[in-house]
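S.K.: Can you read through this structure? Questions will come right after.
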Amino acid sequence: MVSRKGSGLPGILKGLVTTARTAFRPTHTAEYPDVAPDLPPRSRGVIALLEENCTSCMLCARECPDWCIYIDSHKEEVPPTTPGGRPRQRNVLDRFAIDFSLCMYCGICIEVCPFDALFWSPEFEYAETDIHELTHERDKLREWMWTVPAPPALDPAAEEPKEIAAARKSAEKLAAARPEPAGPRPTEPEGGDA
């Protein structure tokens with residue numbers, strides 16, 4: 001049997017002193033509906049869709065651990081661009097929906113999209129009274145696109161990206177290889193305006 005020495009009165013007094021000390025400090029609690037929270041600009045809220053960039057490749061739907069992305073598409077024949085060429089096929093997006101009642105906001109779909117069709121929007125106020133309304137179709141996802149902040153500016157001291165350097169180098173080669181136009185160059189009239 002464990003014997004207790006003294007009473008628990010000093011412990012209770014210590015607790016009361018701590019409570020009294022913190023009771024009169026200003027609170028850090030923000031009353032959310034009345035006061036808008038100060039969120040970082042790139043915070044995760046809702047996923048927005050830039051429909052023009054979506055090729056219906058289904059990578060986002062396949063990689064989603066919750067299977068909350070629904071995509072329907074069909075193939076459409078594109079006529080040849082040159083005479084004698086063969087027609088091509090392309091995917092046309094019929095339905096793109098995200099069920100936010102299942103989504104765990106991991107961002108895998110955004111990271112895996114090779115065509116930059118999905119983006120994080122900082123908007124988070126999209127609560128619904130009916131759980132079925134949390135499935136946002138492509139029209140609703142397109143509306144969120146206007147709330148996506150611009151990407152941060154590049155660091156001016158950073159090294160130029162390899163892709164841009166290669167494009168610049170090939171453009172300079174083409175400009176150097178281009179022949180000068182034949183014939184006399186037009187000259188400006190002497191003395192300013194004619």
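Ligands are numbered from 1 in the order shown, residues from 1 within each chain, and chains are lettered A, B, ... in the order they appear in the structure tokens.
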Write out as JSON, numbers by chain the residues lying within 12 Å of region 152-164 of chain A, counting only C-alpha atoms and excluding same-chain residues fewer than 5 positions away.
M.R.: {"A": [41, 42, 169, 170, 171]}
S.K.: Would you export the selected residues with C-alpha atoms as a PDB file, in the first residue's frame, please?
M.R.:
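Result saved to again-v1.pdb:
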```
ATOM      1  CA  PRO A  41      -2.136  32.701 -49.766  1.00  0.00           C
ATOM      2  CA  ARG A  42      -1.243  29.203 -51.033  1.00  0.00           C
ATOM      3  CA  LYS A 169      19.635  28.999 -77.903  1.00  0.00           C
ATOM      4  CA  SER A 170      17.598  27.412 -80.721  1.00  0.00           C
ATOM      5  CA  ALA A 171      15.841  30.738 -81.437  1.00  0.00           C
TER       6      ALA A 171
END
```
S.K.: Produce a table with one row for each residue of region 41-102 of chain A that has an atom at most 9 Å from any atom of region 106-109 of chain A, each row naming the nearest atom pair and its distance in Å at one decimal; use only C-alpha atoms; arrange rows by chain and rising residue number; format as CSV.
M.R.:
```
residue,atom,partner,partner_atom,distance
A:Arg44,CA,A:Gly107,CA,8.6
A:Ile47,CA,A:Gly107,CA,8.6
A:Leu59,CA,A:Cys109,CA,7.6
A:Cys60,CA,A:Cys109,CA,4.4
A:Ala61,CA,A:Cys109,CA,7.3
A:Arg62,CA,A:Cys109,CA,8.8
A:Glu63,CA,A:Cys109,CA,6.6
A:Cys64,CA,A:Cys109,CA,6.2
A:Pro65,CA,A:Ile108,CA,8.4
A:Ile69,CA,A:Cys109,CA,8.9
```
S.K.: Leaving out Trp120 (chain A) and any residue of its chain fewer than 2 positions from it, which residues lie within 7 Å of it when counting only C-alpha atoms, given as a list of chain:residue names?
M.R.: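 Everything that qualifies: A:Arg44, A:Gly45, A:Val46, A:Ile47, A:Ala48, A:Pro122, A:Val148.
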S.K.: CA of Trp67 (chain A) and CA of Val112 (chain A), how far apart in Å?
M.R.: 14.4 Å
